[in-house]
file target14.cif (mmCIF, C-alpha atoms)
data_input
loop_
_atom_site.group_PDB
_atom_site.id
_atom_site.type_symbol
_atom_site.label_atom_id
_atom_site.label_comp_id
_atom_site.auth_asym_id
_atom_site.auth_seq_id
_atom_site.Cartn_x
_atom_site.Cartn_y
_atom_site.Cartn_z
ATOM 1 C CA MET A 1 0.000 0.000 0.000
ATOM 2 C CA ASP A 2 1.361 3.417 -0.930
ATOM 3 C CA ARG A 3 0.769 6.757 0.756
ATOM 4 C CA THR A 4 -2.003 7.905 -1.599
ATOM 5 C CA LYS A 5 -3.969 4.699 -1.105
ATOM 6 C CA TYR A 6 -3.436 4.870 2.670
ATOM 7 C CA LEU A 7 -4.839 8.417 2.831
ATOM 8 C CA LYS A 8 -7.767 7.464 0.613
ATOM 9 C CA GLU A 9 -8.628 4.461 2.780
ATOM 10 C CA VAL A 10 -8.475 6.530 5.969
ATOM 11 C CA LYS A 11 -10.593 9.280 4.401
ATOM 12 C CA ARG A 12 -13.268 6.765 3.470
ATOM 13 C CA ARG A 13 -13.445 5.430 7.016
ATOM 14 C CA LEU A 14 -13.593 8.678 8.983
ATOM 15 C CA LYS A 15 -17.204 9.505 9.824
ATOM 16 C CA LEU A 16 -16.617 13.023 11.112
ATOM 17 C CA PRO A 17 -17.906 16.554 10.529
ATOM 18 C CA ALA A 18 -16.205 18.083 7.471
ATOM 19 C CA GLU A 19 -13.931 20.569 9.278
ATOM 20 C CA MET A 20 -12.747 17.963 11.801
ATOM 21 C CA LYS A 21 -12.144 15.399 9.077
ATOM 22 C CA SER A 22 -10.061 17.751 6.959
ATOM 23 C CA GLU A 23 -7.932 18.779 9.977
ATOM 24 C CA ILE A 24 -7.341 15.144 11.008
ATOM 25 C CA LEU A 25 -6.336 14.247 7.436
ATOM 26 C CA ARG A 26 -4.051 17.289 7.307
ATOM 27 C CA SER A 27 -2.389 16.178 10.574
ATOM 28 C CA LEU A 28 -1.943 12.697 9.168
ATOM 29 C CA GLU A 29 -0.287 14.057 6.022
ATOM 30 C CA GLU A 30 1.993 16.241 8.140
ATOM 31 C CA SER A 31 2.940 13.255 10.274
ATOM 32 C CA LEU A 32 3.676 11.121 7.182
ATOM 33 C CA ASP A 33 5.852 13.969 5.840
ATOM 34 C CA CYS A 34 7.768 14.139 9.143
ATOM 35 C CA ALA A 35 8.241 10.372 9.247
ATOM 36 C CA ASP A 36 9.495 10.456 5.662
ATOM 37 C CA GLU A 37 11.875 13.340 6.416
ATOM 38 C CA SER A 38 13.279 11.419 9.383
ATOM 39 C CA GLY A 39 14.102 8.557 7.011
ATOM 40 C CA GLU A 40 11.412 6.146 8.169
ATOM 41 C CA GLU A 41 10.251 3.657 5.524
ATOM 42 C CA PHE A 42 6.542 3.993 4.750
ATOM 43 C CA SER A 43 5.917 0.333 5.676
ATOM 44 C CA ARG A 44 7.479 0.998 9.109
ATOM 45 C CA THR A 45 5.286 4.098 9.523
ATOM 46 C CA VAL A 46 2.199 1.981 8.807
ATOM 47 C CA GLU A 47 3.347 -0.544 11.435
ATOM 48 C CA ARG A 48 3.679 2.304 13.933
ATOM 49 C CA ILE A 49 0.434 4.179 13.262
ATOM 50 C CA GLY A 50 -1.617 1.149 12.199
ATOM 51 C CA LYS A 51 -3.339 0.065 9.002
ATOM 52 C CA PRO A 52 -5.986 2.512 7.674
ATOM 53 C CA ALA A 53 -8.813 0.670 9.453
ATOM 54 C CA ASP A 54 -6.895 0.669 12.777
ATOM 55 C CA PHE A 55 -5.858 4.293 12.409
ATOM 56 C CA ALA A 56 -9.444 5.352 11.658
ATOM 57 C CA ARG A 57 -10.697 3.286 14.617
ATOM 58 C CA ASP A 58 -8.200 5.022 16.953
ATOM 59 C CA ILE A 59 -9.447 8.386 15.722
ATOM 60 C CA MET A 60 -13.120 7.493 16.128
ATOM 61 C CA GLN A 61 -12.494 6.170 19.668
ATOM 62 C CA SER A 62 -10.449 9.169 20.720
ATOM 63 C CA VAL A 63 -12.634 11.873 19.214
ATOM 64 C CA GLU A 64 -15.865 11.231 21.178
ATOM 65 C CA LEU A 65 -18.281 13.174 18.978
ATOM 66 C CA THR A 66 -20.903 15.325 20.672
ATOM 67 C CA ALA A 67 -24.583 14.757 19.818
ATOM 68 C CA ASP A 68 -24.526 17.856 17.584
ATOM 69 C CA GLU A 69 -21.405 16.677 15.728
ATOM 70 C CA LYS A 70 -22.977 13.250 15.168
ATOM 71 C CA ARG A 71 -26.090 14.922 13.761
ATOM 72 C CA ARG A 72 -24.034 17.134 11.433
ATOM 73 C CA THR A 73 -22.035 14.140 10.178
ATOM 74 C CA LYS A 74 -25.203 12.172 9.443
ATOM 75 C CA ARG A 75 -26.835 15.131 7.694
ATOM 76 C CA ALA A 76 -23.799 15.709 5.475
ATOM 77 C CA ARG A 77 -23.734 12.033 4.496
ATOM 78 C CA ALA A 78 -27.466 12.059 3.750
ATOM 79 C CA PHE A 79 -27.004 15.122 1.498
ATOM 80 C CA LEU A 80 -24.153 13.428 -0.318
ATOM 81 C CA PHE A 81 -26.207 10.284 -0.811
ATOM 82 C CA ALA A 82 -29.229 12.262 -2.051
ATOM 83 C CA PHE A 83 -26.995 14.208 -4.428
ATOM 84 C CA LEU A 84 -25.552 10.954 -5.772
ATOM 85 C CA ILE A 85 -29.000 9.458 -6.368
ATOM 86 C CA PHE A 86 -30.189 12.677 -8.010
ATOM 87 C CA SER A 87 -27.129 12.791 -10.293
ATOM 88 C CA VAL A 88 -27.573 9.174 -11.371
ATOM 89 C CA ALA A 89 -31.285 9.756 -11.968
ATOM 90 C CA ALA A 90 -30.534 12.888 -14.013
ATOM 91 C CA VAL A 91 -28.001 11.014 -16.156
ATOM 92 C CA CYS A 92 -30.508 8.151 -16.614
ATOM 93 C CA ALA A 93 -33.303 10.514 -17.640
ATOM 94 C CA THR A 94 -31.089 12.374 -20.113
ATOM 95 C CA LEU A 95 -29.762 9.197 -21.665
ATOM 96 C CA SER A 96 -33.165 7.514 -21.830
ATOM 97 C CA PHE A 97 -34.345 10.421 -24.013
ATOM 98 C CA ALA A 98 -31.161 11.055 -25.933
ATOM 99 C CA VAL A 99 -30.186 7.483 -26.786
ATOM 100 C CA PRO A 100 -33.491 6.498 -28.503
ATOM 101 C CA ILE A 101 -33.587 9.801 -30.445
ATOM 102 C CA ILE A 102 -30.040 9.332 -31.711
ATOM 103 C CA TYR A 103 -30.830 5.699 -32.496
ATOM 104 C CA MET A 104 -34.049 6.517 -34.353
ATOM 105 C CA LYS A 105 -32.388 9.359 -36.249
ATOM 106 C CA SER A 106 -29.643 7.021 -37.359
ATOM 107 C CA ARG A 107 -32.333 4.684 -38.723
ATOM 108 C CA GLY A 108 -34.154 7.550 -40.464
ATOM 109 C CA ALA A 109 -37.362 6.664 -38.650
ATOM 110 C CA ILE A 110 -40.601 8.598 -39.151
ATOM 111 C CA GLY A 111 -40.744 11.662 -36.937
ATOM 112 C CA TYR A 112 -36.979 11.748 -36.469
ATOM 113 C CA ALA A 113 -35.993 13.314 -39.789
ATOM 114 C CA ASP A 114 -33.649 16.281 -39.750
ATOM 115 C CA ALA A 115 -35.852 18.320 -42.127
ATOM 116 C CA PRO A 116 -39.672 18.717 -42.305
ATOM 117 C CA THR A 117 -41.364 15.841 -44.145
ATOM 118 C CA GLN A 118 -44.731 15.394 -45.837
ATOM 119 C CA ILE A 119 -45.540 12.226 -43.966
ATOM 120 C CA ALA A 120 -48.645 12.394 -41.768
ATOM 121 C CA VAL A 121 -48.799 10.109 -38.799
ATOM 122 C CA ALA A 122 -52.354 8.868 -38.240
ATOM 123 C CA SER A 123 -52.220 7.664 -34.667
ATOM 124 C CA ALA A 124 -50.863 9.537 -31.661
ATOM 125 C CA ALA A 125 -47.543 8.192 -30.461
ATOM 126 C CA GLY A 126 -47.858 6.079 -27.356
ATOM 127 C CA ILE A 127 -44.961 5.088 -25.148
ATOM 128 C CA ASN A 128 -41.871 4.617 -27.196
ATOM 129 C CA ALA A 129 -41.032 0.979 -26.464
ATOM 130 C CA GLU A 130 -37.365 1.321 -27.248
ATOM 131 C CA ALA A 131 -37.047 4.463 -25.099
ATOM 132 C CA ALA A 132 -38.890 2.754 -22.252
ATOM 133 C CA VAL A 133 -36.618 -0.304 -22.369
ATOM 134 C CA CYS A 134 -33.600 1.940 -22.468
ATOM 135 C CA ALA A 135 -34.806 4.008 -19.510
ATOM 136 C CA PHE A 136 -35.607 0.837 -17.586
ATOM 137 C CA LEU A 137 -32.120 -0.511 -18.203
ATOM 138 C CA TRP A 138 -30.552 2.731 -17.041
ATOM 139 C CA ILE A 139 -32.659 2.870 -13.888
ATOM 140 C CA ALA A 140 -31.808 -0.788 -13.166
ATOM 141 C CA ALA A 141 -28.122 0.004 -13.653
ATOM 142 C CA ALA A 142 -28.428 2.999 -11.281
ATOM 143 C CA ALA A 143 -30.236 0.880 -8.677
ATOM 144 C CA ALA A 144 -27.556 -1.842 -8.945
ATOM 145 C CA PHE A 145 -24.855 0.800 -8.546
ATOM 146 C CA ILE A 146 -26.483 2.275 -5.433
ATOM 147 C CA LEU A 147 -27.061 -1.170 -3.872
ATOM 148 C CA ARG A 148 -23.441 -2.095 -4.514
ATOM 149 C CA LEU A 149 -22.326 1.160 -2.887
ATOM 150 C CA ILE A 150 -24.455 0.447 0.198
ATOM 151 C CA ALA A 151 -23.100 -3.125 0.446
ATOM 152 C CA LYS A 152 -19.547 -1.838 0.091
ATOM 153 C CA ARG A 153 -20.043 0.723 2.854
ATOM 154 C CA LYS A 154 -21.576 -1.901 5.145
ATOM 155 C CA ARG A 155 -18.599 -4.206 4.544
ATOM 156 C CA ALA A 156 -16.195 -1.376 5.337
ATOM 157 C CA ARG A 157 -17.757 -0.888 8.790
ATOM 158 C CA MET B 1 -1.735 -2.404 30.477
ATOM 159 C CA ASN B 2 -4.618 -2.036 28.085
ATOM 160 C CA SER B 3 -7.644 -2.665 30.255
ATOM 161 C CA LYS B 4 -10.568 -0.306 30.081
ATOM 162 C CA PHE B 5 -9.885 1.477 33.371
ATOM 163 C CA ALA B 6 -6.246 2.064 32.387
ATOM 164 C CA GLN B 7 -7.439 3.667 29.155
ATOM 165 C CA GLN B 8 -9.838 5.890 31.054
ATOM 166 C CA PHE B 9 -7.088 7.023 33.434
ATOM 167 C CA LYS B 10 -4.810 7.738 30.504
ATOM 168 C CA LYS B 11 -7.351 9.687 28.515
ATOM 169 C CA GLY B 12 -7.954 12.248 31.240
ATOM 170 C CA ALA B 13 -4.275 12.666 32.035
ATOM 171 C CA LEU B 14 -3.167 12.761 28.403
ATOM 172 C CA GLU B 15 -4.844 16.103 27.800
ATOM 173 C CA MET B 16 -2.899 17.620 30.685
ATOM 174 C CA VAL B 17 0.345 16.024 29.497
ATOM 175 C CA LEU B 18 -0.165 17.427 25.990
ATOM 176 C CA LEU B 19 -0.727 20.907 27.403
ATOM 177 C CA GLU B 20 2.427 20.520 29.528
ATOM 178 C CA ILE B 21 4.523 19.470 26.513
ATOM 179 C CA ILE B 22 3.192 22.407 24.474
ATOM 180 C CA SER B 23 3.771 24.807 27.403
ATOM 181 C CA ARG B 24 7.512 24.032 27.236
ATOM 182 C CA GLY B 25 7.754 25.645 23.805
ATOM 183 C CA GLU B 26 6.161 25.830 20.383
ATOM 184 C CA THR B 27 5.981 22.358 18.893
ATOM 185 C CA TYR B 28 4.242 20.242 16.237
ATOM 186 C CA GLY B 29 2.324 16.947 16.194
ATOM 187 C CA TYR B 30 5.135 14.578 15.225
ATOM 188 C CA GLU B 31 7.466 16.082 17.842
ATOM 189 C CA ILE B 32 4.777 15.816 20.542
ATOM 190 C CA ILE B 33 4.272 12.129 19.721
ATOM 191 C CA SER B 34 8.049 11.567 19.742
ATOM 192 C CA GLN B 35 8.265 13.192 23.190
ATOM 193 C CA LEU B 36 5.453 11.008 24.494
ATOM 194 C CA ASN B 37 7.236 7.950 23.159
ATOM 195 C CA GLY B 38 10.554 9.073 24.625
ATOM 196 C CA GLN B 39 9.334 10.090 28.063
ATOM 197 C CA GLY B 40 5.962 8.384 28.356
ATOM 198 C CA GLY B 41 7.183 5.093 29.791
ATOM 199 C CA ARG B 42 4.699 2.264 29.784
ATOM 200 C CA VAL B 43 1.792 4.621 30.384
ATOM 201 C CA PHE B 44 1.874 6.886 27.321
ATOM 202 C CA ALA B 45 4.213 4.985 24.990
ATOM 203 C CA PRO B 46 3.733 3.852 22.341
ATOM 204 C CA ALA B 47 1.626 6.952 21.617
ATOM 205 C CA ARG B 48 -0.607 6.418 18.607
ATOM 206 C CA ASP B 49 -1.131 9.242 16.128
ATOM 207 C CA GLY B 50 -4.812 8.322 15.903
ATOM 208 C CA THR B 51 -5.245 9.055 19.608
ATOM 209 C CA ILE B 52 -3.308 12.321 19.688
ATOM 210 C CA TYR B 53 -4.725 14.216 16.664
ATOM 211 C CA PRO B 54 -8.318 14.386 17.925
ATOM 212 C CA LEU B 55 -7.075 15.629 21.311
ATOM 213 C CA LEU B 56 -5.009 18.379 19.672
ATOM 214 C CA TYR B 57 -8.027 19.304 17.555
ATOM 215 C CA ARG B 58 -10.212 19.561 20.677
ATOM 216 C CA LEU B 59 -7.635 21.570 22.615
ATOM 217 C CA GLU B 60 -7.381 24.022 19.740
ATOM 218 C CA SER B 61 -11.117 24.330 19.115
ATOM 219 C CA ASN B 62 -11.612 24.882 22.864
ATOM 220 C CA GLY B 63 -9.106 27.730 22.738
ATOM 221 C CA LEU B 64 -6.503 26.138 25.047
ATOM 222 C CA ILE B 65 -3.850 26.015 22.336
ATOM 223 C CA SER B 66 -3.345 28.053 19.176
ATOM 224 C CA SER B 67 -1.423 27.249 16.047
ATOM 225 C CA ARG B 68 0.447 28.805 13.163
ATOM 226 C CA SER B 69 1.181 27.106 9.877
ATOM 227 C CA VAL B 70 4.707 27.132 8.540
ATOM 228 C CA PHE B 71 5.372 26.069 4.976
ATOM 229 C CA SER B 72 7.873 23.219 4.761
ATOM 230 C CA VAL B 73 10.114 23.325 1.715
ATOM 231 C CA ALA B 74 11.073 19.664 2.168
ATOM 232 C CA SER B 75 7.541 18.279 1.914
ATOM 233 C CA GLY B 76 5.776 21.086 0.080
ATOM 234 C CA ASN B 77 3.072 21.035 2.776
ATOM 235 C CA ALA B 78 2.430 23.221 5.793
ATOM 236 C CA LYS B 79 3.438 22.165 9.296
ATOM 237 C CA LYS B 80 1.307 23.303 12.210
ATOM 238 C CA TYR B 81 3.116 24.654 15.272
ATOM 239 C CA TYR B 82 1.131 24.713 18.503
ATOM 240 C CA SER B 83 1.539 27.003 21.479
ATOM 241 C CA LEU B 84 -0.390 27.499 24.698
ATOM 242 C CA THR B 85 -2.936 30.320 24.904
ATOM 243 C CA GLU B 86 -3.513 32.350 28.056
ATOM 244 C CA GLN B 87 -6.649 30.289 28.630
ATOM 245 C CA GLY B 88 -4.585 27.124 28.158
ATOM 246 C CA GLU B 89 -1.995 28.259 30.710
ATOM 247 C CA LYS B 90 -4.739 28.881 33.237
ATOM 248 C CA ALA B 91 -6.383 25.515 32.505
ATOM 249 C CA LEU B 92 -3.044 23.699 32.780
ATOM 250 C CA GLY B 93 -2.382 25.348 36.164
ATOM 251 C CA GLU B 94 -5.785 24.241 37.410
ATOM 252 C CA MET B 95 -5.333 20.732 36.035
ATOM 253 C CA LYS B 96 -1.942 20.325 37.693
ATOM 254 C CA ALA B 97 -3.269 21.564 41.034
ATOM 255 C CA TYR B 98 -6.218 19.200 40.763
ATOM 256 C CA TRP B 99 -3.924 16.347 39.764
ATOM 257 C CA GLN B 100 -1.881 16.791 42.966
ATOM 258 C CA GLU B 101 -5.066 16.781 45.022
ATOM 259 C CA TYR B 102 -6.246 13.751 43.088
ATOM 260 C CA ILE B 103 -3.194 11.558 43.649
ATOM 261 C CA LYS B 104 -3.000 12.635 47.296
ATOM 262 C CA SER B 105 -6.611 11.682 47.839
ATOM 263 C CA VAL B 106 -6.429 8.407 45.905
ATOM 264 C CA ASN B 107 -3.174 7.468 47.632
ATOM 265 C CA SER B 108 -4.747 8.039 51.031
ATOM 266 C CA PHE B 109 -6.936 5.067 50.170
ATOM 267 C CA VAL B 110 -4.797 2.831 48.028
ATOM 268 C CA ALA B 111 -1.154 3.530 48.934
ATOM 269 C CA GLU B 112 0.445 0.736 50.912
ATOM 270 C CA SER B 113 0.482 1.287 54.693
ATOM 271 C CA GLY B 114 3.692 2.677 56.124
ATOM 272 C CA GLU B 115 4.309 4.943 53.126
#
call {"tool": "encode", "arguments": {"input": "target14.cif", "output": "structure tokens"}}
result
Amino acid sequence: MDRTKYLKEVKRRLKLPAEMKSEILRSLEESLDCADESGEEFSRTVERIGKPADFARDIMQSVELTADEKRRTKRARAFLFAFLIFSVAAVCATLSFAVPIIYMKSRGAIGYADAPTQIAVASAAGINAEAAVCAFLWIAAAAAFILRLIAKRKRAR
Amino acid sequence: MNSKFAQQFKKGALEMVLLEIISRGETYGYEIISQLNGQGGRVFAPARDGTIYPLLYRLESNGLISSRSVFSVASGNAKKYYSLTEQGEKALGEMKAYWQEYIKSVNSFVAESGE
């Protein structure tokens, strides 16, 4: 494990309010710099301060979050999660419209011509089957992604 | 000793020890941990970084210590130097006085007879 991966792993495991988390990570970086400057091998530093999971556990035990800090941490995580879901949904919605249109245009289908045509369509268009399948696939992919993320986070605990 | 009561004893005293180390002169995290490891005996050594950083963060956010960042050419990052605030000096004085009372009182119960 290299330094970048170590920091990333610790960052993922620290469930702290933003300002506290960034200061703890800054301290860790400073300490790694000092250890490096004193000629300590990175593997020896990890032995001394613990693997990322152990280091993060030490922090969480020592920090003793107040009720307000716990609430703020939870709220920030909920916002992040909501933002993630919203982003995935937005991408899905955009693609479920864009992909069928591009696909139909490429096939020169009725109603998807680049220029006005003389063709009259008798019946009103219902649900575009191809667009619906596409949207369904994207939503399923998003759901699978979110479920995997939740499982991964649970495993990390 | 790593039992729960030993950890509880240590936690309370560690804050005072950190303030004492910082009161001796401006210092930074790695140096504080090195001092704890050098002088801490079996009680405070080996000091783990993961235990010390949150305490330093709390001491600073409670106004007992202050810090200034100094850019390090060697690493390209800033190093944070801590010093005691006036409030910290007062708190340390009170802690040390209480600590003396504390050990006197506890010893009156648990110290071996004849001492």
call {"tool": "closest_atom_pairs", "arguments": {"input": "target14.cif", "of": "chain A", "to": "chain B", "cutoff": "6 Å", "atoms": "only C-alpha atoms", "output": "JSON lines"}}
result
{"residue": "A:Ser31", "atom": "CA", "partner": "B:Tyr30", "partner_atom": "CA", "distance": 5.6}
{"residue": "A:Ile49", "atom": "CA", "partner": "B:Arg48", "partner_atom": "CA", "distance": 5.9}
{"residue": "A:Phe55", "atom": "CA", "partner": "B:Gly50", "partner_atom": "CA", "distance": 5.4}
{"residue": "A:Asp58", "atom": "CA", "partner": "B:Gly50", "partner_atom": "CA", "distance": 4.8}
{"residue": "A:Ile59", "atom": "CA", "partner": "B:Gly50", "partner_atom": "CA", "distance": 4.6}
{"residue": "A:Ser62", "atom": "CA", "partner": "B:Thr51", "partner_atom": "CA", "distance": 5.3}
{"residue": "A:Val63", "atom": "CA", "partner": "B:Pro54", "partner_atom": "CA", "distance": 5.2}
call {"tool": "atom_distance", "arguments": {"input": "target14.cif", "atom1": "CA of Gln7 (chain B)", "atom2": "CA of Phe44 (chain B)"}}
result
10.0 Å
call {"tool": "residues_around", "arguments": {"input": "target14.cif", "residues": "region 92-101 of chain B", "least_positions_apart": "3", "cutoff": "12 Å", "atoms": "only C-alpha atoms", "output": "list in words"}}
result
Phe9, Gly12, Ala13, Leu14, Glu15, Met16, Val17, Leu18, Leu19, Glu20, Ile21, Ile22, Ser23, Arg24, Leu59, Leu64, Ile65, Leu84, Thr85, Glu86, Gln87, Gly88, Glu89, Lys104, Ser105, Val106, Asn107 and Ser108 of chain B
call {"tool": "residues_around", "arguments": {"input": "target14.cif", "residues": "Arg12 (chain A)", "least_positions_apart": "6", "cutoff": "12 Å", "atoms": "all atoms listed in the file", "output": "PyMOL selection string"}}
result
chain A and resi 5-6+21-22+25+52-53+55-57+77+152-153+156-157
call {"tool": "atom_distance", "arguments": {"input": "target14.cif", "atom1": "CA of Ala143 (chain A)", "atom2": "CA of Ile85 (chain A)"}}
result
9.0 Å
call {"tool": "atom_distance", "arguments": {"input": "target14.cif", "atom1": "CA of Leu147 (chain A)", "atom2": "CA of Leu16 (chain A)"}}
result
23.1 Å
call {"tool": "residues_near_point", "arguments": {"input": "target14.cif", "point": "(-1.6, 29.4, 17.8)", "cutoff": "7 Å", "atoms": "only C-alpha atoms", "output": "list in words"}}
result
Ile65, Ser66, Ser67, Arg68, Tyr82 and Ser83 of chain B
call {"tool": "closest_residue", "arguments": {"input": "target14.cif", "among": "A:Leu95, A:Val133, A:Ala35, A:Leu149", "to": "Arg48 (chain A)", "atoms": "only C-alpha atoms"}}
result
A:Ala35
call {"tool": "closest_residue", "arguments": {"input": "target14.cif", "among": "A:Leu7, A:Asp2, A:Ile24, A:Ala18", "to": "Phe42 (chain A)", "atoms": "only C-alpha atoms"}}
result
A:Asp2
